[in-house]
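File shown: entry_24.pdb (PDB, C-alpha atoms, pLDDT in the B column).
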```
ATOM      1  CA  MET X 159      10.008 191.762 124.969  1.00 61.00           C
ATOM      2  CA  ALA X 160      10.808 188.036 124.647  1.00 67.00           C
ATOM      3  CA  ALA X 161      13.104 186.816 121.888  1.00 73.00           C
ATOM      4  CA  ARG X 162      11.284 185.066 119.105  1.00 80.00           C
ATOM      5  CA  VAL X 163      12.428 181.511 118.466  1.00 79.00           C
ATOM      6  CA  LYS X 164      12.948 180.696 114.829  1.00 78.00           C
ATOM      7  CA  ARG X 165      11.999 177.159 113.892  1.00 76.00           C
ATOM      8  CA  PRO X 166      14.075 175.292 111.343  1.00 72.00           C
ATOM      9  CA  GLY X 167      12.674 175.229 107.842  1.00 78.00           C
ATOM     10  CA  ASN X 168      12.185 172.220 105.661  1.00 84.00           C
ATOM     11  CA  VAL X 169      15.351 170.732 104.255  1.00 81.00           C
ATOM     12  CA  LYS X 170      15.345 169.134 100.810  1.00 87.00           C
ATOM     13  CA  LEU X 171      17.172 165.829 100.962  1.00 88.00           C
ATOM     14  CA  PRO X 172      19.194 164.734  97.937  1.00 89.00           C
ATOM     15  CA  SER X 173      17.951 161.948  95.726  1.00 94.00           C
ATOM     16  CA  PRO X 174      19.695 158.570  96.107  1.00 93.00           C
ATOM     17  CA  GLU X 175      21.729 159.297  92.959  1.00 94.00           C
ATOM     18  CA  GLU X 176      22.778 162.727  94.258  1.00 93.00           C
ATOM     19  CA  ALA X 177      23.668 161.243  97.646  1.00 90.00           C
ATOM     20  CA  ALA X 178      25.776 158.513  96.019  1.00 89.00           C
ATOM     21  CA  ALA X 179      27.608 161.095  93.894  1.00 87.00           C
ATOM     22  CA  LEU X 180      28.241 163.235  96.980  1.00 85.00           C
ATOM     23  CA  VAL X 181      29.630 160.292  98.943  1.00 84.00           C
ATOM     24  CA  LYS X 182      31.813 159.307  95.992  1.00 79.00           C
ATOM     25  CA  ARG X 183      33.182 162.851  95.728  1.00 76.00           C
ATOM     26  CA  MET X 184      33.838 163.052  99.475  1.00 74.00           C
ATOM     27  CA  ARG X 185      35.737 159.762  99.413  1.00 71.00           C
ATOM     28  CA  GLY X 186      37.887 160.964  96.545  1.00 60.00           C
ATOM     29  CA  ASP X 187      36.718 158.279  94.135  1.00 55.00           C
ATOM     30  CA  LEU X 188      36.464 160.646  91.191  1.00 51.00           C
ATOM     31  CA  ASN X 189      38.721 160.153  88.194  1.00 52.00           C
ATOM     32  CA  ASP X 190      40.059 163.712  88.214  1.00 54.00           C
ATOM     33  CA  ASN X 191      43.259 164.739  89.993  1.00 56.00           C
ATOM     34  CA  SER X 192      41.543 166.845  92.655  1.00 61.00           C
ATOM     35  CA  ASN X 193      42.226 164.399  95.500  1.00 83.00           C
ATOM     36  CA  TYR X 194      45.794 163.253  94.993  1.00 89.00           C
ATOM     37  CA  ARG X 195      46.233 162.460  98.707  1.00 90.00           C
ATOM     38  CA  THR X 196      43.642 159.681  98.625  1.00 89.00           C
ATOM     39  CA  LYS X 197      45.076 158.376  95.355  1.00 91.00           C
ATOM     40  CA  SER X 198      48.622 158.397  96.713  1.00 94.00           C
ATOM     41  CA  ILE X 199      47.565 156.444  99.793  1.00 94.00           C
ATOM     42  CA  LYS X 200      45.784 153.901  97.581  1.00 93.00           C
ATOM     43  CA  ILE X 201      48.848 153.536  95.330  1.00 95.00           C
ATOM     44  CA  HIS X 202      51.681 153.661  97.882  1.00 96.00           C
ATOM     45  CA  GLY X 203      49.845 152.465 100.984  1.00 96.00           C
ATOM     46  CA  PRO X 204      49.429 154.174 104.360  1.00 96.00           C
ATOM     47  CA  VAL X 205      53.147 154.053 105.190  1.00 97.00           C
ATOM     48  CA  CYS X 206      55.756 156.813 105.491  1.00 97.00           C
ATOM     49  CA  ALA X 207      58.289 156.302 102.692  1.00 97.00           C
ATOM     50  CA  LYS X 208      61.104 157.691 104.842  1.00 96.00           C
ATOM     51  CA  CYS X 209      60.738 156.208 108.344  1.00 97.00           C
ATOM     52  CA  GLY X 210      58.376 153.304 107.571  1.00 97.00           C
ATOM     53  CA  ARG X 211      55.736 154.258 110.144  1.00 96.00           C
ATOM     54  CA  GLU X 212      52.375 152.664 109.349  1.00 97.00           C
ATOM     55  CA  PHE X 213      49.100 154.562 109.634  1.00 96.00           C
ATOM     56  CA  ASP X 214      45.476 153.609 110.241  1.00 95.00           C
ATOM     57  CA  GLN X 215      42.218 155.562 110.404  1.00 92.00           C
ATOM     58  CA  SER X 216      43.015 156.881 113.914  1.00 94.00           C
ATOM     59  CA  ASN X 217      46.185 158.725 112.826  1.00 95.00           C
ATOM     60  CA  MET X 218      45.807 159.059 109.038  1.00 93.00           C
ATOM     61  CA  GLY X 219      45.794 162.868 109.402  1.00 93.00           C
ATOM     62  CA  LEU X 220      49.529 162.727 110.170  1.00 95.00           C
ATOM     63  CA  LEU X 221      50.322 161.164 106.781  1.00 96.00           C
ATOM     64  CA  THR X 222      51.020 163.723 104.065  1.00 95.00           C
ATOM     65  CA  VAL X 223      51.881 163.604 100.378  1.00 95.00           C
ATOM     66  CA  HIS X 224      55.198 165.085  99.276  1.00 95.00           C
ATOM     67  CA  HIS X 225      55.607 166.159  95.650  1.00 95.00           C
ATOM     68  CA  LYS X 226      59.079 164.976  94.653  1.00 94.00           C
ATOM     69  CA  ASP X 227      59.590 167.760  92.100  1.00 93.00           C
ATOM     70  CA  GLY X 228      58.012 170.436  94.332  1.00 90.00           C
ATOM     71  CA  ASN X 229      55.236 171.145  91.812  1.00 92.00           C
ATOM     72  CA  HIS X 230      51.846 170.678  93.489  1.00 88.00           C
ATOM     73  CA  ASN X 231      50.150 170.794  90.086  1.00 88.00           C
ATOM     74  CA  ASN X 232      52.157 167.827  88.778  1.00 91.00           C
ATOM     75  CA  ASN X 233      49.865 164.966  89.777  1.00 90.00           C
ATOM     76  CA  PRO X 234      50.365 162.074  87.349  1.00 90.00           C
ATOM     77  CA  PRO X 235      47.759 159.314  87.698  1.00 88.00           C
ATOM     78  CA  ASP X 236      50.459 156.703  88.346  1.00 93.00           C
ATOM     79  CA  GLY X 237      51.646 158.570  91.457  1.00 93.00           C
ATOM     80  CA  SER X 238      55.243 158.830  90.257  1.00 95.00           C
ATOM     81  CA  ASN X 239      55.646 162.379  91.625  1.00 95.00           C
ATOM     82  CA  TRP X 240      54.308 161.539  95.090  1.00 95.00           C
ATOM     83  CA  GLU X 241      55.671 159.939  98.191  1.00 96.00           C
ATOM     84  CA  ASN X 242      53.729 159.530 101.416  1.00 97.00           C
ATOM     85  CA  LEU X 243      55.564 161.055 104.364  1.00 97.00           C
ATOM     86  CA  CYS X 244      54.559 161.424 107.996  1.00 96.00           C
ATOM     87  CA  ALA X 245      54.316 165.019 109.198  1.00 96.00           C
ATOM     88  CA  HIS X 246      57.733 164.806 110.888  1.00 96.00           C
ATOM     89  CA  CYS X 247      59.558 163.415 107.848  1.00 96.00           C
ATOM     90  CA  HIS X 248      57.783 165.894 105.552  1.00 95.00           C
ATOM     91  CA  GLU X 249      58.929 168.794 107.730  1.00 94.00           C
ATOM     92  CA  ASP X 250      62.460 167.361 107.726  1.00 92.00           C
ATOM     93  CA  GLU X 251      62.394 167.032 103.927  1.00 90.00           C
ATOM     94  CA  HIS X 252      61.484 170.696 103.454  1.00 87.00           C
ATOM     95  CA  SER X 253      63.824 172.055 106.133  1.00 87.00           C
ATOM     96  CA  ARG X 254      66.996 170.235 105.021  1.00 80.00           C
ATOM     97  CA  GLY X 255      67.815 172.789 102.343  1.00 75.00           C
ATOM     98  CA  LEU X 256      67.235 175.682 104.724  1.00 76.00           C
ATOM     99  CA  LEU X 257      69.476 174.149 107.367  1.00 72.00           C
ATOM    100  CA  GLY X 258      72.205 173.473 104.808  1.00 74.00           C
ATOM    101  CA  GLU X 259      72.085 177.060 103.548  1.00 77.00           C
ATOM    102  CA  TYR X 260      72.199 178.396 107.097  1.00 78.00           C
ATOM    103  CA  LEU X 261      75.170 176.243 108.061  1.00 76.00           C
ATOM    104  CA  SER X 262      77.124 177.017 104.886  1.00 78.00           C
ATOM    105  CA  LYS X 263      76.702 180.781 105.413  1.00 77.00           C
ATOM    106  CA  LYS X 264      77.756 180.480 109.056  1.00 65.00           C
ATOM    107  CA  GLN X 265      81.054 178.804 108.071  1.00 64.00           C
ATOM    108  CA  ASP X 266      81.953 181.514 105.504  1.00 58.00           C
TER     109      ASP X 266
END
```
Just dump the structure as structure tokens.
Amino acid sequence: MAARVKRPGNVKLPSPEEAAALVKRMRGDLNDNSNYRTKSIKIHGPVCAKCGREFDQSNMGLLTVHHKDGNHNNNPPDGSNWENLCAHCHEDEHSRGLLGEYLSKKQD
């Protein structure tokens, strides 16, 4: 018995207003604090605060946002708790304490 091919059904396209709202949400243009990464890049620029590396659309995925106080829920609209760090500097920032603890225990 041959397999039956299922044809795609009709898809309801969003209205122009719904499409505009969807694009706005995807770009992070909403006024809520749900997309702090986009806001931090707009405020601080696409530059690593530690090493100074500049980013463009081709490598923007390597730029991260570090919360200075460690609280990911503390996202003030002025960006005062954020700093943009490249993936390497962000990893270094979070591993410094671990390395220090390890080395201090080794010397005891």
So which residues are close to (55.8, 168.1, 107.3), meaning at most 12 Å away in the file's coordinates with only C-alpha atoms counted, and can you show them as number ranges by chain?
X: 206, 208, 219-225, 242-254
Go ahead and compute the interatomic distance for CA of Arg183 in chain X and CA of Pro235 in chain X, in Å to one decimal.
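The value is 17.0 Å.
Here CA of Met218 in chain X is placed at a distance of 7.7 Å from CA of Pro204 in chain X.
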Contacts of Asp227 in chain X at 9 Å (all atoms listed in the file; same-chain gap of 5+ positions) as a count of residues only
3
Run through the PyMOL selection byres ((chain X and resi 198) around 9) on the given coordinates and return the selected residues as number ranges by chain.
X: 193-197, 199-204, 223, 236-237, 240-242
Return the padded bounding box of range 252-266 of chain X as JSON: axis-aligned, built from all atoms listed in the file, 5 Å added on each side, with centre and edge lengths in Å to one decimal.
```
{"center_x": 71.7, "center_y": 175.9, "center_z": 105.7, "size_x": 30.5, "size_y": 21.3, "size_z": 16.7}
```
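The gap separating CA of Lys226 in chain X from CA of Ser238 in chain X is 8.5 Å, in Å to one decimal.
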